[in-house]
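First up is the structure itself, then whatever we jot down about it.
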Amino acid sequence: MSLIHIENLTKHFKILNRREGLRGAFRDLFSGDYRTVEAVAGISFDIEPGEIVGYIGPNGAGKSTTIKMMTGILKPTGGILQVNGLVPYDNRIRQAQTMGVVFGQRTQLWWDLPVIESFRIMKEIYKVDQKMFDRHMDMFNELVGLKALYSQQVRTLSLGQRMLCDISASFLHNPQVVFLDEPTIGLDISVKAKIRSVIQQLNREHNTTIILTTHDLGDVEALCQRIIIIDKGKILYDGDIKRVHALFGAYRTLKLQIDDFTEATLRTLTEKLSGRFGAGHGITVAETEESWTDVTIDQARTPLSDVLSFVMSSFAVEDVRIVEISMENVVRKVYDGALK
Amino acid sequence: MHSLKDYLRLYFIIETQYIKARMQYRADFLISSIGMFFSSLATLGIFWVIFHSIPDLAGWSFMQLVFIYGFYMIAISPMQILFDHIWQIRFHVQQGTFLKYYFRPLNMMFYYMSEMFDSKGLTQLAAGIVVLIYASIQLDLSWTLSRVALLLLTLFSASLVQISITVLAGCAAFWVLDAYPVLGLAWRLREFAPYPMNIFDGAFRFTFTFIIPLGFVAFYPSQLFLQPEEVSSLVYFSPLVGIGLFALTYWVWTKGVNSYTGTGS
Amino acid sequence: MKAYLAMMRGAYMIGLVYRFGFLFSIAGNLIYMSITYFLWRSIYQDRETLRGLTFDETYIYVALGSAVFILLKTYVDWQMSYDIREGMVAIYLTKPLDLQLYELFTSLGFALHALTTVTLSTFLLLIFVFHIEIPLGIGLLLFPFSLVLAYLVSFCFDYFIGLLAFYTESVWGLSITKEVIITVLSGALIPLQFFPEVIRKILLWLPFQAIYYTPLTMVAKPNLGWETFLPMLGIQLFWVAALFALTRLFYNQAVKVLRISGG
């Protein structure tokens, strides 16, 4: 029996078609004009104990909705959802005892209190016995240097410190599954690395299942053995990370701000690139917000440096940025059959 | 999951920590307590001024009104001290941070309310006790053990009425975007709780007795002690009103919590 | 000057957005007016006049008192403490703006909104629902001016509390203390005539009566004539000038401290 069993899970929302203005607002109160949004449109997967699963997809894909159902917040519209044999929505409090949750943005700790007091309160809430408490606190201290932070108020911690505390706290009561939502958001590289290493060690300690939702592909690469990609409420891919890794690693996006940018520039750029690099160059060009142009390059086929020097010699480029491929682009490529 | 004893113990642990943390802001603690003390006595001050010019108000003497006022101050204190977090609910709901309250193995109302403990409300409670005792001495009221028990019971249910009215108003935030005015209105209403109900006639008296039972926060329960012989049967319902109203409030809260899905997909 | 007017307009528009709130403010006001109606009717049960005021006069005073109360609540103290906490003050200091004027005009925008909604509706309710006649008199003419002066006095007090927020972390405590002092001592809830003689004499010397007692008297007893009203206006003007000067001094001091401690 899997730890998490999901079969044909669906969630529909009824959204009111809102009208403009004050009069519209009044009429809305009596309106029956709804449309149905299928946030989750029939997904199925099983997760075994000890797995670290990356659950990724673009914004609005249905990730948060699935997580909310798994944690017992939202009631599914249809399908089977069981966590540890229980139906989460009907057993919120029992369920909460066996899981840990970390929000990227908001802390689960008590803002005005010293760190150690938050942990002590959680000891009471989750009924953690003294021995386990001491053992875990020692472990947290080894991993993140928690003792040094004991007397500091949570609100005075840096984002990185706070995240490490939140993550530790989510493991305090030895949960069976921990949900991590954007655990490295807004943090610099070295802190990210630290957090990823801590998560790995905590997973190993008690074979805790971890479900990771994130937009940071670095997180995914470092931690997950398995990836589930969701978009528009359906699962696009569920399997080993190795197959998808090729997608991430090779691609880079060159963000350019071109002087005197017009609609024609985009076309000219595409033509010139084809001219220079031949067909099958694997380069896509797109315009994004505020006159930035995205040039996405498959490094397996065309080196970035070549493209960069060519573009800069052919166009008046004001500003350049190089970024890893975005989640949206990964999903687009999966749609386009990159994994077939 | 957790027994009542667990919850009490947990509450004690959380709030002692909070008081410790707040007391670090010593100036604020002191000034707020003083401010609270004076603001809670403001309406009483108005009564005092009025009674300078008239001997009685709708058949009530000044000291009787002082008794009702003391009762009122004690009855509204639990709301002030324990449920103060309701004022923030629209922020949490709008910004999605309310989600965090779903994740712990705790009753959500308990968890949410336990995050704020308004220690300056204790000043109001103390002032109320003093005022009540003072008035009852001046009125020469007799207290037996059973009467004291009755007093505690009616204070308890009166406080439930106040808590319910305010929390119910706050629950509007689950469904309406700009729900603050509902709370604001409920708060303004509470100022009128120490007023004697017989200044109202007809529709208003009905409203404040049955629809928004302000009368049960101070006036009706006080009758049991001020005019025990002339008490109408209505008054004996006081404890039921408190408990019933709170049950309703909790039901609405649960409905709100279940319908809230947070922001974003 | 244009910049300040623009801010005022902006604040007015923000007020418009909260339509729900505006309805509830009016509802709340209606309830207040009704309850105080009953209260004072009880008080006036067996009498024509009390302390030199008829029921109508007292009721006009008290009913408008609540509308004026909403109007004169500037929230500047809260706004400033928020701005300081969010580090916004540093931004103001680097712009060609005078902080005091900035806060004044922003709050005026909100006040204008309250005026056109709550105050106006209270007048209408008073006349058409409660059937109270407001006698015509000089006082009514002078009322708007008095209201403006009253607003400025109230603003100065709130601004002062906001400045105190520079030094302390406690804006709630200070704000509520200020509010209680003003509410009780200014005749906001009850005409000063009702206070015991000795206390009343003292209160007339304090600036607080310039916020409520003066404008409300003009509208409750508009026929008192120039001889009474002109000096009252004069006193209001005096307090406006004095308080602006004082808060200005305090402001300069506070800004020095702010510049040293880092904004």
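Residues are named by chain letter and number: chains run A, B, ... in the order of the structure tokens, numbers start at 1 in each chain, and ligands are numbered from 1 in the order shown.
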
Dump as a PyMOL selection string the residues of chain B that approach chain C to within 9 Å, counting only C-alpha atoms.
chain B and resi 25+27-36+38-39+42-43+45-46+49-50+52-54+56-58+178-182+184-186+188-189+192+195-196+199-201+204

DSSP-assigned strand (DSSP E or B) among stretch 11-145 of chain C, expressed as a list in words: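 Answer for stretch 11-145 of chain C restricted to strand (DSSP E or B) is Thr49, Leu50, Leu53 and Thr54 of chain C.
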
Those residues you just picked out, can you put them in a file as a PDB file, in the first residue's frame with N, CA and C atoms?
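Here's the written file again_26.pdb:
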```pdb
ATOM      1  N   THR C  49     -36.210  72.147  28.796  1.00  0.00           N
ATOM      2  CA  THR C  49     -34.802  72.472  28.574  1.00  0.00           C
ATOM      3  C   THR C  49     -33.954  71.903  29.698  1.00  0.00           C
ATOM      4  N   LEU C  50     -32.723  71.701  29.379  1.00  0.00           N
ATOM      5  CA  LEU C  50     -31.786  71.186  30.368  1.00  0.00           C
ATOM      6  C   LEU C  50     -30.488  71.942  30.152  1.00  0.00           C
ATOM      7  N   LEU C  53     -30.382  74.105  27.156  1.00  0.00           N
ATOM      8  CA  LEU C  53     -30.533  73.564  25.803  1.00  0.00           C
ATOM      9  C   LEU C  53     -31.845  72.810  25.689  1.00  0.00           C
ATOM     10  N   THR C  54     -32.515  72.963  24.568  1.00  0.00           N
ATOM     11  CA  THR C  54     -33.715  72.160  24.346  1.00  0.00           C
ATOM     12  C   THR C  54     -33.315  70.798  23.833  1.00  0.00           C
TER      13      THR C  54
END
```

request  = Please identify which residues in stretch 106-261 of chain C DSSP calls alpha helix (DSSP H) from the backbone, and express them as number ranges by chain.
outcome  = C: 106-114, 120-128, 138-167, 171-185, 197-205, 213-220, 226-261

* **Top pick for closest residue to chain B, considering A:Thr268, A:Thr36, A:Thr98, A:Thr77 and counting only C-alpha atoms** =>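 Residue with the minimum atom-to-atom distance to chain B: A:Thr98.
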
Restrict the calculation to only C-alpha atoms, then for each residue of chain A with any atom at most 8 Å from an atom of chain B give the closest atom pair and their distance in Å to one decimal, rows by chain and rising residue number, as a tab-separated table.
```
residue	atom	partner	partner_atom	distance
A:Ala39	CA	B:Ser265	CA	7.3
A:Asn59	CA	B:Ser265	CA	7.7
A:Gly60	CA	B:Ser265	CA	5.3
A:Ala61	CA	B:Ser265	CA	7.3
A:Gly62	CA	B:Ser265	CA	5.9
A:Lys63	CA	B:Ser265	CA	7.3
A:Ser64	CA	B:Ser265	CA	5.7
A:Thr65	CA	B:Ser265	CA	5.7
A:Thr71	CA	B:Phe103	CA	7.3
A:Ile73	CA	B:Tyr102	CA	6.6
A:Leu74	CA	B:Thr261	CA	6.9
A:Arg92	CA	B:Pro105	CA	7.3
A:Ile93	CA	B:Pro105	CA	4.2
A:Arg94	CA	B:Pro105	CA	6.4
A:Gln95	CA	B:Pro105	CA	7.4
A:Ala96	CA	B:Pro105	CA	4.7
A:Gln97	CA	B:Pro105	CA	5.3
A:Gly100	CA	B:Phe103	CA	7.8
A:Val101	CA	B:Phe103	CA	6.9
A:Arg106	CA	B:Thr97	CA	6.8
A:Gln108	CA	B:Lys100	CA	6.6
A:Trp110	CA	B:Glu115	CA	7.9
A:Asp112	CA	B:Ala21	CA	6.7
A:Leu113	CA	B:Ala21	CA	6.3
A:Glu117	CA	B:Gln17	CA	7.4
A:Ile121	CA	B:Ile14	CA	6.7
A:Glu124	CA	B:Leu10	CA	6.6
A:Ile125	CA	B:Pro105	CA	7.2
A:Tyr126	CA	B:Pro105	CA	7.2
```

Write the residues you've just listed into a file as a PDB file, in the first residue's frame, and include C-alpha atoms for each of them.
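Generated file (again08.pdb):
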```pdb
ATOM      1  CA  ALA A  39      -8.136  22.998 -11.843  1.00  0.00           C
ATOM      2  CA  ASN A  59       1.696  28.937 -12.516  1.00  0.00           C
ATOM      3  CA  GLY A  60      -1.946  28.017 -12.641  1.00  0.00           C
ATOM      4  CA  ALA A  61      -1.134  24.421 -13.513  1.00  0.00           C
ATOM      5  CA  GLY A  62      -2.971  22.898 -10.598  1.00  0.00           C
ATOM      6  CA  LYS A  63       0.020  22.256  -8.342  1.00  0.00           C
ATOM      7  CA  SER A  64      -1.216  24.177  -5.348  1.00  0.00           C
ATOM      8  CA  THR A  65      -4.660  22.720  -5.771  1.00  0.00           C
ATOM      9  CA  THR A  71      -2.965  18.193   2.934  1.00  0.00           C
ATOM     10  CA  ILE A  73      -7.536  21.679   2.990  1.00  0.00           C
ATOM     11  CA  LEU A  74      -9.580  21.233  -0.152  1.00  0.00           C
ATOM     12  CA  ARG A  92      -7.642  17.094   8.849  1.00  0.00           C
ATOM     13  CA  ILE A  93      -6.387  17.023  12.391  1.00  0.00           C
ATOM     14  CA  ARG A  94      -5.296  13.381  12.332  1.00  0.00           C
ATOM     15  CA  GLN A  95      -3.621  13.962   9.003  1.00  0.00           C
ATOM     16  CA  ALA A  96      -1.810  17.052  10.247  1.00  0.00           C
ATOM     17  CA  GLN A  97      -0.193  14.990  12.958  1.00  0.00           C
ATOM     18  CA  GLY A 100       4.979  18.623   7.916  1.00  0.00           C
ATOM     19  CA  VAL A 101       4.477  21.681   5.757  1.00  0.00           C
ATOM     20  CA  ARG A 106       5.277  32.635   5.223  1.00  0.00           C
ATOM     21  CA  GLN A 108       5.007  28.465  10.355  1.00  0.00           C
ATOM     22  CA  TRP A 110       5.609  32.200  15.976  1.00  0.00           C
ATOM     23  CA  ASP A 112       7.320  37.416  17.926  1.00  0.00           C
ATOM     24  CA  LEU A 113       8.738  34.608  19.994  1.00  0.00           C
ATOM     25  CA  GLU A 117       9.921  28.736  22.215  1.00  0.00           C
ATOM     26  CA  ILE A 121       5.236  24.910  21.521  1.00  0.00           C
ATOM     27  CA  GLU A 124       3.332  20.275  22.828  1.00  0.00           C
ATOM     28  CA  ILE A 125       1.154  20.490  19.765  1.00  0.00           C
ATOM     29  CA  TYR A 126       2.530  17.359  18.156  1.00  0.00           C
TER      30      TYR A 126
END
```

Contacts of A:Arg267 within 12 Å, only C-alpha atoms, excl. fewer than 4 positions in-chain, as a compact mmCIF listing (two decimals) with N, CA, C and O atoms, in the first residue's frame:
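Output file part-v4.txt follows:
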```txt
# COMPACT_ATOMS: atom_id res chain seq x y z
N PHE A 261 14.10 48.68 -30.84
CA PHE A 261 13.38 47.43 -31.08
C PHE A 261 12.03 47.71 -31.73
O PHE A 261 11.24 48.51 -31.26
N THR A 262 11.76 47.03 -32.85
CA THR A 262 10.44 47.11 -33.49
C THR A 262 9.95 45.70 -33.76
O THR A 262 10.67 44.73 -33.51
N GLU A 263 8.76 45.59 -34.30
CA GLU A 263 8.23 44.26 -34.61
C GLU A 263 9.11 43.56 -35.62
O GLU A 263 9.28 42.35 -35.60
N GLU A 271 15.61 35.41 -38.83
CA GLU A 271 16.20 35.12 -40.16
C GLU A 271 17.71 35.05 -40.08
O GLU A 271 18.35 34.15 -40.61
N LYS A 272 18.27 36.05 -39.40
CA LYS A 272 19.73 36.11 -39.34
C LYS A 272 20.31 34.89 -38.63
O LYS A 272 21.36 34.36 -39.02
N LEU A 273 19.62 34.47 -37.55
CA LEU A 273 20.11 33.30 -36.83
C LEU A 273 20.07 32.06 -37.71
O LEU A 273 21.02 31.26 -37.72
N SER A 274 18.98 31.94 -38.46
CA SER A 274 18.90 30.80 -39.38
C SER A 274 20.03 30.87 -40.39
O SER A 274 20.67 29.87 -40.69
N THR A 284 15.19 29.23 -30.32
CA THR A 284 13.87 29.87 -30.45
C THR A 284 13.95 31.31 -29.95
O THR A 284 14.69 31.61 -29.02
N VAL A 285 13.20 32.13 -30.65
CA VAL A 285 13.21 33.55 -30.30
C VAL A 285 11.81 33.99 -29.91
O VAL A 285 10.84 33.65 -30.57
N ALA A 286 11.71 34.72 -28.85
CA ALA A 286 10.40 35.21 -28.43
C ALA A 286 10.54 36.58 -27.78
O ALA A 286 11.58 36.90 -27.21
N GLU A 287 9.48 37.35 -27.90
CA GLU A 287 9.52 38.66 -27.24
C GLU A 287 8.83 38.53 -25.88
O GLU A 287 7.77 37.92 -25.78
N THR A 293 14.01 40.53 -25.33
CA THR A 293 13.86 39.43 -26.26
C THR A 293 14.51 38.19 -25.66
O THR A 293 15.65 38.25 -25.19
```

Counting only C-alpha atoms, what is within 8 Å of stretch 151-159 of chain C, bar same-chain residues fewer than 4 positions away, as a PyMOL selection string? chain C and resi 72-77+80+100+104+147+163+175+178+207+210-211+236+239-240+243-244+247

Those selected residues, please, written with N, CA, C and O atoms and delivered as a compact mmCIF listing (two decimals), in the first residue's frame.
```txt
# COMPACT_ATOMS: atom_id res chain seq x y z
N LEU C 72 -13.50 64.27 11.40
CA LEU C 72 -12.28 64.85 11.95
C LEU C 72 -11.25 63.81 12.38
O LEU C 72 -10.18 64.16 12.85
N LYS C 73 -11.58 62.56 12.16
CA LYS C 73 -10.60 61.54 12.48
C LYS C 73 -9.60 61.50 11.32
O LYS C 73 -9.91 61.05 10.24
N THR C 74 -8.40 61.97 11.56
CA THR C 74 -7.49 62.11 10.43
C THR C 74 -6.62 60.87 10.20
O THR C 74 -6.04 60.72 9.16
N TYR C 75 -6.48 60.01 11.15
CA TYR C 75 -5.65 58.81 11.03
C TYR C 75 -4.20 59.14 10.69
O TYR C 75 -3.44 58.24 10.30
N VAL C 76 -3.84 60.39 10.81
CA VAL C 76 -2.47 60.76 10.47
C VAL C 76 -1.48 60.07 11.40
O VAL C 76 -0.39 59.69 10.99
N ASP C 77 -1.87 59.90 12.65
CA ASP C 77 -0.95 59.24 13.57
C ASP C 77 -0.63 57.82 13.10
O ASP C 77 0.52 57.40 13.12
N MET C 80 1.43 57.90 9.80
CA MET C 80 2.84 58.22 10.01
C MET C 80 3.60 57.07 10.64
O MET C 80 4.72 56.78 10.26
N GLN C 100 4.83 67.52 6.65
CA GLN C 100 3.60 67.92 7.32
C GLN C 100 2.51 68.24 6.30
O GLN C 100 1.37 67.82 6.45
N LEU C 104 -0.97 66.33 5.57
CA LEU C 104 -2.19 67.11 5.68
C LEU C 104 -3.08 66.92 4.46
O LEU C 104 -4.27 66.64 4.57
N LEU C 147 -15.50 74.21 10.89
CA LEU C 147 -15.16 72.81 10.68
C LEU C 147 -13.74 72.67 10.13
O LEU C 147 -12.99 71.79 10.54
N LEU C 163 4.44 61.99 15.29
CA LEU C 163 5.84 62.34 15.51
C LEU C 163 6.40 61.58 16.72
O LEU C 163 7.54 61.14 16.72
N SER C 175 -2.23 56.80 20.78
CA SER C 175 -3.37 57.24 19.98
C SER C 175 -4.66 57.13 20.77
O SER C 175 -5.51 58.03 20.74
N LYS C 178 -4.79 59.80 23.47
CA LYS C 178 -5.13 61.09 22.87
C LYS C 178 -6.61 61.14 22.54
O LYS C 178 -7.30 62.12 22.79
N PRO C 207 -7.50 73.58 24.18
CA PRO C 207 -7.67 73.54 22.73
C PRO C 207 -8.69 72.51 22.25
O PRO C 207 -9.18 72.60 21.13
N ALA C 210 -12.01 73.42 20.79
CA ALA C 210 -11.97 74.00 19.45
C ALA C 210 -12.25 72.95 18.38
O ALA C 210 -12.55 73.28 17.24
N ILE C 211 -12.14 71.70 18.72
CA ILE C 211 -12.37 70.65 17.74
C ILE C 211 -13.84 70.30 17.62
O ILE C 211 -14.37 70.16 16.53
N GLN C 236 -10.36 79.44 17.87
CA GLN C 236 -9.97 78.31 17.02
C GLN C 236 -8.74 78.67 16.21
O GLN C 236 -7.78 77.88 16.12
N TRP C 239 -5.62 78.60 18.19
CA TRP C 239 -5.10 77.26 18.46
C TRP C 239 -4.48 76.63 17.22
O TRP C 239 -3.47 75.93 17.30
N VAL C 240 -5.08 76.89 16.07
CA VAL C 240 -4.50 76.35 14.83
C VAL C 240 -3.08 76.86 14.66
O VAL C 240 -2.14 76.09 14.42
N LEU C 243 -0.70 75.48 17.49
CA LEU C 243 -0.38 74.06 17.39
C LEU C 243 0.48 73.76 16.17
O LEU C 243 1.36 72.90 16.21
N PHE C 244 0.21 74.48 15.07
CA PHE C 244 1.05 74.28 13.89
C PHE C 244 2.49 74.66 14.20
O PHE C 244 3.44 73.96 13.83
N THR C 247 4.02 71.97 16.50
CA THR C 247 4.32 70.69 15.84
C THR C 247 5.47 70.86 14.86
O THR C 247 6.26 69.96 14.64
```

Report as an mmCIF file with N, CA and C atoms, in the first residue's frame all protein, DNA and RNA residues lying within 7 Å of stretch 222-238 of chain B, evaluated on only C-alpha atoms, omitting residues in the same chain fewer than 5 positions from it.
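Dumped to part.cif:
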```cif
data_model
loop_
_atom_site.group_PDB
_atom_site.id
_atom_site.type_symbol
_atom_site.label_atom_id
_atom_site.label_comp_id
_atom_site.auth_asym_id
_atom_site.auth_seq_id
_atom_site.Cartn_x
_atom_site.Cartn_y
_atom_site.Cartn_z
ATOM 1 N N ILE B 68 -24.339 48.135 36.137
ATOM 2 C CA ILE B 68 -24.462 47.562 34.792
ATOM 3 C C ILE B 68 -23.164 47.787 34.022
ATOM 4 N N THR B 154 -23.669 34.199 34.597
ATOM 5 C CA THR B 154 -24.176 35.207 33.658
ATOM 6 C C THR B 154 -23.036 35.996 33.021
ATOM 7 N N SER B 157 -21.771 33.774 30.175
ATOM 8 C CA SER B 157 -22.593 33.738 28.967
ATOM 9 C C SER B 157 -22.642 35.113 28.312
ATOM 10 N N PHE B 216 -28.124 41.319 26.110
ATOM 11 C CA PHE B 216 -27.678 40.223 26.950
ATOM 12 C C PHE B 216 -26.212 40.331 27.350
#
```
